[in-house]
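> Sharing data.cif here; it has mmCIF, C-alpha atoms.
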```cif
data_final
loop_
_atom_site.label_atom_id
_atom_site.label_comp_id
_atom_site.auth_asym_id
_atom_site.auth_seq_id
_atom_site.Cartn_x
_atom_site.Cartn_y
_atom_site.Cartn_z
CA MET A 1 -26.02 26.51 42.62
CA ILE A 2 -24.01 23.47 41.51
CA ALA A 3 -20.24 23.75 41.47
CA VAL A 4 -18.29 21.46 39.15
CA VAL A 5 -14.76 21.07 40.49
CA ASP A 6 -12.23 22.06 37.85
CA LEU A 7 -8.84 20.42 38.21
CA GLY A 8 -7.62 21.67 34.84
CA ILE A 9 -7.74 18.26 33.24
CA GLY A 10 -10.23 18.61 30.46
CA ASN A 11 -13.15 20.34 28.88
CA LEU A 12 -16.09 20.41 31.28
CA ALA A 13 -18.28 22.62 29.13
CA ASN A 14 -20.89 19.97 28.44
CA VAL A 15 -21.07 18.93 32.12
CA ARG A 16 -21.64 22.57 33.05
CA LYS A 17 -24.25 22.91 30.33
CA ALA A 18 -26.15 19.84 31.52
CA LEU A 19 -26.03 20.78 35.20
CA GLY A 20 -26.07 24.55 35.09
CA GLY A 21 -23.90 26.21 37.75
CA VAL A 22 -20.21 26.94 37.56
CA VAL A 23 -16.95 25.19 36.78
CA THR A 24 -14.48 26.32 39.42
CA SER A 25 -11.48 25.52 41.57
CA ASP A 26 -12.08 28.48 43.87
CA PRO A 27 -12.58 27.23 47.46
CA SER A 28 -14.92 30.10 48.37
CA GLU A 29 -17.20 29.33 45.43
CA LEU A 30 -17.22 25.67 46.36
CA ARG A 31 -18.12 26.63 49.90
CA LYS A 32 -21.12 28.60 48.65
CA ALA A 33 -22.36 25.85 46.35
CA ASP A 34 -25.49 23.82 47.18
CA LYS A 35 -24.09 20.76 45.44
CA ILE A 36 -20.66 19.67 44.32
CA VAL A 37 -19.75 17.56 41.30
CA LEU A 38 -16.28 16.06 41.15
CA PRO A 39 -15.44 14.81 37.67
CA GLY A 40 -12.07 13.32 37.07
CA VAL A 41 -9.73 11.59 34.72
CA GLY A 42 -6.12 10.63 35.20
CA ASN A 43 -3.99 9.15 37.91
CA PHE A 44 -5.42 8.75 41.45
CA GLY A 45 -2.36 10.13 43.24
CA ALA A 46 -1.70 12.99 40.84
CA VAL A 47 -5.30 14.19 40.88
CA MET A 48 -5.53 13.80 44.65
CA ARG A 49 -2.50 16.09 45.00
CA LYS A 50 -4.27 18.72 42.86
CA LEU A 51 -7.37 18.27 44.97
CA GLU A 52 -5.51 18.61 48.28
CA PRO A 53 -6.19 22.38 48.73
CA LEU A 54 -9.92 21.68 48.29
CA ARG A 55 -10.08 18.58 50.49
CA TYR A 56 -11.68 20.22 53.51
CA VAL A 57 -14.08 22.40 51.52
CA ILE A 58 -15.39 19.25 49.84
CA LEU A 59 -15.51 17.24 53.08
CA ASP A 60 -17.36 20.07 54.87
CA SER A 61 -19.89 20.27 52.07
CA ILE A 62 -20.51 16.52 52.24
CA GLU A 63 -20.67 16.54 56.03
CA SER A 64 -23.24 19.33 56.01
CA GLY A 65 -25.49 17.05 53.95
CA LYS A 66 -25.18 18.77 50.56
CA PRO A 67 -25.54 16.43 47.58
CA PHE A 68 -22.26 15.30 46.04
CA LEU A 69 -21.68 13.51 42.73
CA GLY A 70 -18.38 11.82 41.91
CA ILE A 71 -17.75 10.88 38.29
CA CYS A 72 -15.18 8.26 37.18
CA LEU A 73 -11.97 9.10 39.06
CA GLY A 74 -14.17 11.42 41.13
CA MET A 75 -15.91 8.28 42.39
CA GLN A 76 -12.64 6.53 43.20
CA LEU A 77 -11.30 9.54 45.11
CA LEU A 78 -14.07 9.10 47.69
CA PHE A 79 -12.35 5.97 49.01
CA GLU A 80 -9.42 5.46 51.34
CA TRP A 81 -6.71 4.24 49.00
CA SER A 82 -6.02 3.01 45.47
CA GLU A 83 -3.84 0.33 43.96
CA GLU A 84 -3.00 2.87 41.25
CA SER A 85 -0.74 5.00 43.43
CA GLU A 86 0.36 5.98 46.89
CA GLY A 87 -1.56 8.48 48.93
CA GLU A 88 -4.91 8.79 50.57
CA GLY A 89 -8.24 9.51 48.96
CA LEU A 90 -10.93 11.68 50.52
CA ARG A 91 -11.90 8.79 52.85
CA VAL A 92 -15.59 9.56 52.65
CA LEU A 93 -16.32 5.88 52.03
CA ARG A 94 -14.67 2.83 53.50
CA GLY A 95 -12.67 0.59 51.19
CA GLY A 96 -10.29 1.10 48.33
CA VAL A 97 -9.83 1.20 44.59
CA ILE A 98 -8.48 -1.85 42.80
CA ARG A 99 -7.34 -2.68 39.29
CA MET A 100 -9.81 -4.67 37.16
CA ARG A 101 -9.00 -8.25 38.04
CA ARG A 102 -10.13 -9.64 34.70
CA GLY A 103 -10.74 -8.43 31.13
CA GLY A 104 -8.46 -6.18 29.11
CA VAL A 105 -7.73 -2.74 30.51
CA PRO A 106 -8.79 -0.09 30.03
CA HIS A 107 -12.43 -1.11 30.08
CA ILE A 108 -13.63 1.25 27.39
CA GLY A 109 -16.96 1.57 25.65
CA TRP A 110 -20.70 1.35 26.28
CA ASN A 111 -21.68 -1.06 29.00
CA GLN A 112 -24.77 -1.79 31.06
CA VAL A 113 -25.55 -0.79 34.62
CA HIS A 114 -27.62 -3.35 36.51
CA LEU A 115 -29.39 -1.75 39.44
CA VAL A 116 -29.42 -3.75 42.66
CA ARG A 117 -31.66 -1.24 44.44
CA ASN A 118 -33.51 1.98 43.71
CA CYS A 119 -31.65 5.26 43.67
CA PRO A 120 -33.01 8.75 42.95
CA LEU A 121 -30.15 9.30 40.49
CA PHE A 122 -31.69 6.60 38.28
CA ASN A 123 -35.27 7.84 38.28
CA GLY A 124 -36.62 7.14 34.81
CA VAL A 125 -33.59 5.06 33.82
CA ARG A 126 -34.13 1.35 33.32
CA THR A 127 -31.86 -1.25 34.85
CA GLY A 128 -29.61 -2.61 32.10
CA SER A 129 -29.24 0.80 30.44
CA TYR A 130 -25.96 1.56 28.69
CA PHE A 131 -23.40 4.12 29.80
CA TYR A 132 -19.96 5.08 28.53
CA PHE A 133 -16.96 3.80 30.52
CA VAL A 134 -13.21 4.49 30.32
CA HIS A 135 -11.20 3.15 33.26
CA SER A 136 -8.76 0.51 34.48
CA TYR A 137 -9.56 0.67 38.21
CA HIS A 138 -12.80 0.46 40.14
CA ALA A 139 -14.11 1.01 43.64
CA ASP A 140 -14.08 -1.91 46.08
CA PRO A 141 -16.23 -0.67 48.98
CA LYS A 142 -16.07 -2.30 52.38
CA ASP A 143 -19.75 -1.68 53.00
CA HIS A 144 -21.67 -3.52 50.31
CA GLU A 145 -24.89 -1.69 51.08
CA VAL A 146 -23.52 1.45 49.38
CA VAL A 147 -23.56 -0.33 46.01
CA VAL A 148 -26.51 0.64 43.82
CA GLY A 149 -25.40 -0.60 40.42
CA LEU A 150 -23.12 -3.29 39.02
CA THR A 151 -21.50 -3.67 35.62
CA ASP A 152 -20.40 -6.89 33.95
CA TYR A 153 -17.15 -6.71 31.99
CA GLU A 154 -16.33 -10.05 30.37
CA GLY A 155 -17.89 -11.90 33.28
CA TYR A 156 -16.29 -9.68 35.91
CA LEU A 157 -18.76 -7.74 38.05
CA PHE A 158 -17.73 -4.45 39.58
CA PRO A 159 -19.64 -1.66 41.40
CA SER A 160 -20.44 1.10 38.91
CA VAL A 161 -22.88 3.17 40.99
CA ILE A 162 -22.61 4.04 44.66
CA TRP A 163 -24.96 5.92 46.94
CA LYS A 164 -24.69 6.67 50.63
CA ASP A 165 -26.91 9.38 52.12
CA ASN A 166 -26.07 12.55 50.17
CA VAL A 167 -23.08 11.04 48.36
CA PHE A 168 -23.57 9.66 44.84
CA ALA A 169 -20.88 8.29 42.56
CA VAL A 170 -20.72 6.70 39.13
CA GLN A 171 -17.81 4.99 37.43
CA PHE A 172 -19.09 5.83 33.93
CA HIS A 173 -19.17 9.22 32.26
CA PRO A 174 -22.70 10.64 32.30
CA GLU A 175 -21.47 13.55 30.19
CA LYS A 176 -20.59 11.03 27.45
CA SER A 177 -23.61 8.77 27.89
CA SER A 178 -26.11 10.62 25.74
CA ARG A 179 -29.75 10.51 26.85
CA ASN A 180 -29.21 8.24 29.88
CA GLY A 181 -26.30 10.33 31.10
CA LEU A 182 -28.28 13.53 30.70
CA ARG A 183 -31.06 11.96 32.72
CA ILE A 184 -28.65 11.15 35.55
CA MET A 185 -27.34 14.71 35.59
CA GLU A 186 -30.88 16.09 35.45
CA ASN A 187 -31.86 13.86 38.40
CA PHE A 188 -28.88 15.11 40.37
CA ARG A 189 -29.77 18.71 39.54
CA ARG A 190 -33.27 18.15 40.89
CA LEU A 191 -32.26 16.53 44.20
CA MET B 1 -21.89 -6.73 28.37
CA LEU B 2 -19.82 -4.30 26.35
CA ALA B 3 -21.86 -3.23 23.34
CA LYS B 4 -20.67 -3.35 19.75
CA ARG B 5 -20.32 0.24 18.62
CA ILE B 6 -21.77 2.01 15.61
CA VAL B 7 -19.47 4.84 14.65
CA VAL B 8 -20.40 7.61 12.26
CA ALA B 9 -17.61 9.33 10.37
CA LEU B 10 -17.76 12.96 9.46
CA ASP B 11 -15.15 14.18 7.01
CA VAL B 12 -14.45 17.82 7.71
CA ARG B 13 -12.92 20.35 5.38
CA ASP B 14 -12.62 24.03 6.24
CA GLY B 15 -15.01 23.47 9.14
CA LYS B 16 -17.71 21.86 6.99
CA VAL B 17 -18.74 18.23 6.84
CA VAL B 18 -18.00 16.54 3.54
CA LYS B 19 -17.81 12.90 2.53
CA GLY B 20 -15.21 11.57 0.19
CA VAL B 21 -16.12 8.67 -2.05
CA ARG B 22 -12.92 6.70 -2.45
CA PHE B 23 -11.18 9.72 -0.94
CA GLU B 24 -12.01 11.95 -3.92
CA ASN B 25 -14.87 14.07 -5.29
CA VAL B 26 -15.87 15.69 -2.04
CA GLN B 27 -18.89 17.94 -1.70
CA ASP B 28 -19.98 20.29 1.08
CA VAL B 29 -22.78 18.86 3.15
CA GLY B 30 -23.04 20.71 6.47
CA ASP B 31 -22.10 21.87 9.96
CA PRO B 32 -20.16 19.36 12.10
CA VAL B 33 -21.90 20.12 15.41
CA GLU B 34 -25.34 19.93 13.80
CA PHE B 35 -24.48 16.59 12.22
CA ALA B 36 -23.03 15.28 15.46
CA ARG B 37 -26.12 16.28 17.40
CA ARG B 38 -28.40 14.61 14.85
CA TYR B 39 -26.39 11.40 15.04
CA GLU B 40 -26.29 11.46 18.83
CA GLU B 41 -30.09 11.67 18.88
CA ASP B 42 -30.26 8.81 16.42
CA GLY B 43 -28.29 6.54 18.77
CA THR B 44 -24.75 6.76 17.39
CA ASP B 45 -22.20 5.42 19.87
CA GLU B 46 -19.28 7.48 18.72
CA ILE B 47 -18.41 10.11 16.14
CA VAL B 48 -15.16 10.34 14.23
CA PHE B 49 -14.09 13.64 12.70
CA LEU B 50 -11.53 13.34 9.96
CA ASP B 51 -10.03 16.62 8.85
CA ILE B 52 -9.30 15.93 5.21
CA THR B 53 -7.64 19.29 4.60
CA ALA B 54 -5.08 18.82 7.30
CA SER B 55 -2.56 16.51 5.68
CA HIS B 56 -1.84 18.28 2.48
CA GLU B 57 -2.58 21.89 3.30
CA GLY B 58 -0.53 21.80 6.45
CA ARG B 59 -3.25 22.77 8.86
CA ARG B 60 -2.00 21.78 12.27
CA THR B 61 -4.87 22.19 14.63
CA LEU B 62 -8.25 20.67 15.23
CA MET B 63 -8.55 22.19 18.67
CA SER B 64 -11.39 24.55 17.92
CA LEU B 65 -13.46 21.80 16.33
CA ALA B 66 -12.84 19.58 19.37
CA GLU B 67 -13.79 22.38 21.72
CA ARG B 68 -17.05 23.17 19.92
CA VAL B 69 -18.11 19.56 19.72
CA ALA B 70 -17.18 18.81 23.35
CA SER B 71 -19.35 21.65 24.57
CA GLU B 72 -22.43 20.50 22.68
CA ILE B 73 -22.31 16.74 22.29
CA TYR B 74 -22.87 13.97 24.85
CA VAL B 75 -21.28 10.97 23.15
CA PRO B 76 -17.56 10.25 22.80
CA PHE B 77 -15.80 11.53 19.72
CA THR B 78 -12.49 11.07 17.98
CA VAL B 79 -10.57 13.63 15.98
CA GLY B 80 -7.81 13.17 13.45
CA GLY B 81 -6.32 14.15 10.14
CA GLY B 82 -2.83 15.48 9.59
CA ILE B 83 -1.82 15.33 13.24
CA ARG B 84 1.94 15.08 13.59
CA SER B 85 3.06 15.82 17.15
CA VAL B 86 2.49 14.83 20.77
CA GLU B 87 1.82 18.49 21.46
CA GLU B 88 -1.09 18.58 19.00
CA ILE B 89 -2.47 15.32 20.38
CA ARG B 90 -2.35 16.61 23.94
CA ASN B 91 -3.99 19.91 22.98
CA ILE B 92 -6.83 18.24 21.13
CA ILE B 93 -7.52 15.94 24.09
CA LYS B 94 -7.42 18.95 26.43
CA SER B 95 -9.90 20.69 24.17
CA GLY B 96 -12.34 17.91 24.87
CA ALA B 97 -11.90 15.17 22.27
CA ASP B 98 -12.08 11.68 23.76
CA LYS B 99 -9.57 10.21 21.37
CA VAL B 100 -7.15 11.35 18.71
CA PHE B 101 -6.15 9.22 15.77
CA ILE B 102 -2.92 9.44 13.88
CA ASN B 103 -2.03 7.79 10.61
CA THR B 104 0.72 9.18 8.34
CA ALA B 105 2.79 10.55 11.22
CA ALA B 106 2.80 7.15 12.94
CA VAL B 107 4.02 5.39 9.79
CA ASP B 108 6.70 8.06 9.31
CA ARG B 109 7.89 7.71 12.89
CA PRO B 110 6.40 4.83 14.88
CA GLU B 111 7.93 6.10 18.15
CA LEU B 112 5.34 8.90 18.05
CA VAL B 113 2.77 6.30 19.12
CA ARG B 114 4.72 5.44 22.26
CA GLU B 115 5.46 9.10 23.05
CA ALA B 116 1.79 10.07 22.62
CA VAL B 117 0.62 7.19 24.80
CA GLU B 118 3.00 8.30 27.58
CA VAL B 119 1.33 11.71 27.58
CA VAL B 120 -2.37 11.03 26.93
CA GLY B 121 -2.69 7.31 27.72
CA SER B 122 -3.62 4.33 25.57
CA ALA B 123 -7.34 4.89 25.91
CA ASN B 124 -7.04 8.20 24.10
CA LEU B 125 -4.82 7.18 21.22
CA VAL B 126 -6.07 5.48 18.08
CA VAL B 127 -3.93 4.53 15.10
CA ALA B 128 -5.75 4.71 11.78
CA ILE B 129 -4.58 2.27 9.13
CA ASP B 130 -5.62 2.62 5.48
CA ALA B 131 -4.90 -0.59 3.60
CA LYS B 132 -5.25 -1.98 0.10
CA TRP B 133 -4.61 -5.49 -1.23
CA ASN B 134 -1.63 -5.43 -3.60
CA GLY B 135 -1.81 -9.05 -4.74
CA ARG B 136 0.51 -10.30 -2.00
CA PHE B 137 -0.47 -8.48 1.18
CA TRP B 138 -2.59 -5.61 2.47
CA GLU B 139 -0.42 -2.61 1.96
CA VAL B 140 -0.51 0.46 4.20
CA TYR B 141 -1.29 3.77 2.51
CA THR B 142 -0.79 7.22 4.02
CA HIS B 143 -1.48 10.84 3.06
CA GLY B 144 -5.20 10.29 2.77
CA GLY B 145 -4.81 7.16 0.68
CA ARG B 146 -2.46 8.69 -1.88
CA ARG B 147 0.86 7.11 -0.94
CA ALA B 148 1.67 3.40 -0.78
CA ARG B 149 4.21 2.59 1.95
CA GLY B 150 5.25 -0.98 1.22
CA LEU B 151 4.24 -1.91 4.75
CA ASP B 152 2.11 -4.95 5.62
CA ALA B 153 -1.04 -3.70 7.39
CA VAL B 154 -1.35 -6.78 9.62
CA ARG B 155 2.24 -6.48 10.80
CA TRP B 156 1.80 -2.74 11.26
CA ALA B 157 -1.30 -3.37 13.39
CA ARG B 158 0.72 -5.65 15.67
CA GLU B 159 3.45 -3.05 15.89
CA VAL B 160 1.12 -0.20 16.90
CA GLU B 161 -0.43 -2.42 19.57
CA ARG B 162 3.06 -3.14 20.91
CA LEU B 163 3.76 0.63 20.96
CA GLY B 164 0.68 1.18 23.11
CA ALA B 165 -2.12 2.28 20.77
CA GLY B 166 -5.51 1.76 22.40
CA GLU B 167 -7.46 1.03 19.26
CA ILE B 168 -7.09 0.56 15.50
CA LEU B 169 -9.28 2.31 12.98
CA LEU B 170 -8.95 0.08 9.95
CA THR B 171 -10.10 1.33 6.56
CA SER B 172 -10.08 -0.87 3.51
CA MET B 173 -9.39 1.19 0.43
CA ASP B 174 -10.66 -1.72 -1.66
CA THR B 175 -14.15 -1.58 -0.20
CA ASP B 176 -14.37 2.09 0.81
CA GLY B 177 -17.10 3.88 -1.14
CA THR B 178 -18.44 0.70 -2.75
CA GLN B 179 -21.27 0.04 -0.25
CA ALA B 180 -20.67 -3.65 -1.05
CA GLY B 181 -19.75 -4.65 2.51
CA PHE B 182 -16.80 -4.31 4.86
CA ASP B 183 -13.53 -5.94 3.89
CA ILE B 184 -14.00 -9.17 5.80
CA PRO B 185 -10.66 -10.86 4.98
CA LEU B 186 -8.64 -7.77 5.93
CA THR B 187 -10.65 -7.07 9.09
CA ARG B 188 -10.45 -10.69 10.20
CA ALA B 189 -6.69 -10.77 9.64
CA VAL B 190 -6.18 -7.68 11.81
CA VAL B 191 -8.69 -8.69 14.51
CA ASP B 192 -6.92 -12.03 14.83
CA ALA B 193 -3.49 -10.38 15.01
CA VAL B 194 -4.18 -7.96 17.89
CA ASN B 195 -5.97 -7.81 21.24
CA ILE B 196 -6.94 -4.14 21.14
CA PRO B 197 -10.32 -3.14 19.66
CA VAL B 198 -10.55 -2.84 15.89
CA VAL B 199 -12.96 -0.41 14.25
CA ALA B 200 -13.82 -1.65 10.76
CA SER B 201 -14.35 0.97 8.11
CA GLY B 202 -15.11 1.13 4.41
CA GLY B 203 -17.89 -0.47 2.41
CA ALA B 204 -20.98 -0.41 4.63
CA GLY B 205 -24.07 -0.53 2.48
CA CYS B 206 -26.76 -2.35 4.46
CA PRO B 207 -27.41 -3.62 8.02
CA ASP B 208 -26.19 -7.15 7.29
CA HIS B 209 -22.76 -5.80 6.43
CA PHE B 210 -22.47 -4.66 10.05
CA TYR B 211 -23.67 -8.02 11.28
CA GLU B 212 -20.95 -9.79 9.25
CA VAL B 213 -18.13 -7.61 10.52
CA PHE B 214 -19.24 -7.87 14.18
CA ARG B 215 -19.47 -11.64 13.81
CA ILE B 216 -15.77 -11.86 12.91
CA GLY B 217 -14.73 -9.84 15.94
CA ALA B 218 -14.71 -6.14 15.06
CA SER B 219 -15.50 -4.09 18.19
CA ALA B 220 -16.99 -1.26 16.22
CA ALA B 221 -17.98 -0.48 12.67
CA LEU B 222 -17.77 2.89 11.03
CA ALA B 223 -19.80 4.29 8.19
CA ALA B 224 -20.70 7.60 6.66
CA SER B 225 -22.60 7.60 3.38
CA ILE B 226 -25.37 5.19 4.32
CA PHE B 227 -26.24 7.43 7.24
CA HIS B 228 -25.53 10.80 5.65
CA TYR B 229 -27.78 10.18 2.71
CA GLY B 230 -30.56 8.78 4.88
CA LYS B 231 -30.48 5.24 3.52
CA TYR B 232 -30.74 3.86 7.07
CA THR B 233 -30.93 5.51 10.44
CA VAL B 234 -28.57 4.31 13.17
CA ARG B 235 -31.63 3.26 15.14
CA GLU B 236 -32.95 1.06 12.30
CA LEU B 237 -29.54 -0.49 11.94
CA LYS B 238 -29.31 -1.23 15.67
CA GLU B 239 -32.79 -2.73 15.81
CA HIS B 240 -31.76 -5.04 12.99
CA LEU B 241 -28.54 -6.03 14.77
CA LEU B 242 -30.36 -6.68 18.04
CA ARG B 243 -32.79 -8.99 16.26
CA ARG B 244 -29.80 -10.88 14.88
CA GLY B 245 -28.32 -11.29 18.36
CA ILE B 246 -25.63 -8.61 18.39
CA ASP B 247 -25.32 -6.62 21.65
CA VAL B 248 -25.83 -2.98 20.78
CA ARG B 249 -26.92 -0.01 22.83
CA LEU B 250 -30.56 0.85 22.28
CA ASP B 251 -32.21 2.77 25.05
#
```
Would it be possible to restate this file's structure as structure tokens?


Amino acid sequence: MIAVVDLGIGNLANVRKALGGVVTSDPSELRKADKIVLPGVGNFGAVMRKLEPLRYVILDSIESGKPFLGICLGMQLLFEWSEESEGEGLRVLRGGVIRMRRGGVPHIGWNQVHLVRNCPLFNGVRTGSYFYFVHSYHADPKDHEVVVGLTDYEGYLFPSVIWKDNVFAVQFHPEKSSRNGLRIMENFRRL
Amino acid sequence: MLAKRIVVALDVRDGKVVKGVRFENVQDVGDPVEFARRYEEDGTDEIVFLDITASHEGRRTLMSLAERVASEIYVPFTVGGGIRSVEEIRNIIKSGADKVFINTAAVDRPELVREAVEVVGSANLVVAIDAKWNGRFWEVYTHGGRRARGLDAVRWAREVERLGAGEILLTSMDTDGTQAGFDIPLTRAVVDAVNIPVVASGGAGCPDHFYEVFRIGASAALAASIFHYGKYTVRELKEHLLRRGIDVRLD
């Protein structure tokens, strides 16, 4: 079963529909889940505070090797810190989250993901495919080998897909990215 | 590279999709979710739902529409029509809409733009501007195109950007329904006046009309009739644009 973490910040019905499973904020359900998806929109610090009661359930799940998918802010929360606000992230990955250094913010619209290496999440998805983005900050990992995909925004390259062992994360919104996004979610479901 | 967006507009009245030609003579043409799904499959980048009953019949909520669409559709969508308060805007976003647009209420009380942005963020708030050339300047109209406001659309566009709007949905009442092309002079004037994305609307009749309006800097172009009545598919349009060197999403 896949559990989609519900932080009460939006309608996750289409994510649930694409992935199957449950939308929940119940720690015991998260503990039972085979995979966890952390979607997210909003402010890093504010969402992290909401996530605090679930921190260890999520970390245990990741540590036990269960697949994890972070979406948008859910990707950023995997890191240690963010320029957006005070407070710590989940610290699953080394590095932080920084504001887009160039281009207007928010970066909003359909943009391409250029794959720098293969990743099971992108099976059947061509490099250069378009996905839907809405964000002003992006991950800045310390370990460059975790980066799977890059996106070019007005000449500024940032990491838009990350993969380390059982942890996957995307800066775009697969649930808003039509066929390509559905493919990503399907690939995650099949892991 | 960020793609230029093709936006399909669905006018909704009493839960059914209709399309107004020059804002009048509407006819029932179908179910919003079905239409949205068809357009998503065809490669539409974004869908705009305009509730044309809202303004004058005092309907205050588009939440159920937003909720239905958000559960079924996998492309971003915008909802608007008769929205007057921050509360409504927040509720529609919570229901699953990606963006809300406001028009009349923003002209009536510009501070609403700032207040809404504080609650839902710039990325989620669009200001729709309906404009018509009056011989001296492009004049802003509200109430679904029925009331002239004496306001210069280009200056109003600058003002809503200053107040925090994330995007402008610009409809030319001179070209809307004509299928003779987007209003290039108006769109260019607004694109040049602001830094936020401008969605051009009104007058699309053939693929080259989209090419023209992207060339002068529109970030997105919106149309309804040419798609609704099957004149062109979104895919055909995008293939044409790609051949002419415009970056569009085609998977």

> Residues within 9 Å of (-22.0, 26.6, 42.3), file coordinates, counting only C-alpha atoms: what are they? Give the list as a short mmCIF file (atom, residue, chain, number, x, y, z; two decimals) with C-alpha atoms, keeping the file's coordinate frame.


```
data_model
loop_
_atom_site.label_atom_id
_atom_site.label_comp_id
_atom_site.auth_asym_id
_atom_site.auth_seq_id
_atom_site.Cartn_x
_atom_site.Cartn_y
_atom_site.Cartn_z
CA MET A 1 -26.02 26.51 42.62
CA ILE A 2 -24.01 23.47 41.51
CA ALA A 3 -20.24 23.75 41.47
CA VAL A 4 -18.29 21.46 39.15
CA GLY A 20 -26.07 24.55 35.09
CA GLY A 21 -23.90 26.21 37.75
CA VAL A 22 -20.21 26.94 37.56
CA VAL A 23 -16.95 25.19 36.78
CA THR A 24 -14.48 26.32 39.42
CA GLU A 29 -17.20 29.33 45.43
CA LEU A 30 -17.22 25.67 46.36
CA ARG A 31 -18.12 26.63 49.90
CA LYS A 32 -21.12 28.60 48.65
CA ALA A 33 -22.36 25.85 46.35
CA ASP A 34 -25.49 23.82 47.18
CA LYS A 35 -24.09 20.76 45.44
CA ILE A 36 -20.66 19.67 44.32
#
```

> Distance limit 10 Å, atoms considered: only C-alpha atoms. Which chain A residues sit that close to chain B? Return them as a ChimeraX atom specification.

/A:8-18,42,104-113,125-126,128-136,151-156,173-182

> Which of these, A:Gln171, A:Ile62, A:Leu78, A:Asp6, has the shortest distance to Lys50 (chain A) once you count only C-alpha atoms?

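The answer is A:Asp6, which sits nearest to Lys50 (chain A).
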
> Which residues, written as a PyMOL selection string, have at least one atom at most 9 Å from region 226-228 of chain B, with all atoms listed in the file counted and residues fewer than 5 positions away on the same chain left out?

chain B and resi 8+10+19+29+35+39+179+204-206+233-234

> CA of Val126 (chain B) and CA of Phe214 (chain B) are how many Å apart?

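Pair CA of Val126 (chain B) / CA of Phe214 (chain B) returns 19.2 Å.
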
> Let me know the residues the PyMOL selection byres ((chain A and resi 164) around 12) catches in the file above, as a ChimeraX atom specification.

/A:62-63,65,67-70,78,92-94,119-121,141,143-148,161-163,165-169

> Kindly resolve the PyMOL selection byres ((chain A and resi 97) around 12) on the present coordinates and return the residues as an NGL selection string.

:A and (43-45 or 72-89 or 91 or 93-96 or 98-101 or 135-142 or 158-159 or 171)

> Exactly which residues make up the result of the PyMOL selection byres ((chain B and resi 106-116) around 9) on this file, given as number ranges by chain?

B: 84-87, 89-90, 102-105, 117-122, 125-128, 140, 142, 149, 151, 156, 159-160, 162-165

> To one decimal place, how far is CA of Glu52 (chain A) from CA of Lys99 (chain B) in Å?

28.5 Å

> Taking all atoms listed in the file into account, name the residue in B:Met173, B:Ile6, B:Ile47, B:Ala193 that is nearest to Gly144 (chain B).

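Using all atoms listed in the file, the shortest distance to Gly144 (chain B) belongs to B:Met173.
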
> Any idea what the distance is between CA of Pro27 (chain A) and CA of Met63 (chain B)?

29.5 Å

> Need to verify the contact set: region 180-184 of chain B, 12 Å, all atoms listed in the file, exclusion of same-chain residues closer than 4 positions in sequence. Can you return it as a PyMOL selection string?

chain B and resi 130-133+138+170-176+188-192+199-218+220-223+226

> From (-25.1, 15.3, 37.1), in the file's coordinates, out to 7 Å: which residues are reached, counting all atoms listed in the file? Answer as a tab-separated table (two decimals) with C-alpha atoms, in the coordinates of the input.


```
chain	number	residue	atom	x	y	z
A	19	LEU	CA	-26.03	20.78	35.20
A	69	LEU	CA	-21.68	13.51	42.73
A	184	ILE	CA	-28.65	11.15	35.55
A	185	MET	CA	-27.34	14.71	35.59
A	186	GLU	CA	-30.88	16.09	35.45
A	188	PHE	CA	-28.88	15.11	40.37
A	189	ARG	CA	-29.77	18.71	39.54
```

> Which is closer to Val37 (chain A) than all the others in A:Arg183, A:Val170, A:Gly149, A:His114, using all atoms listed in the file?

A:Val170
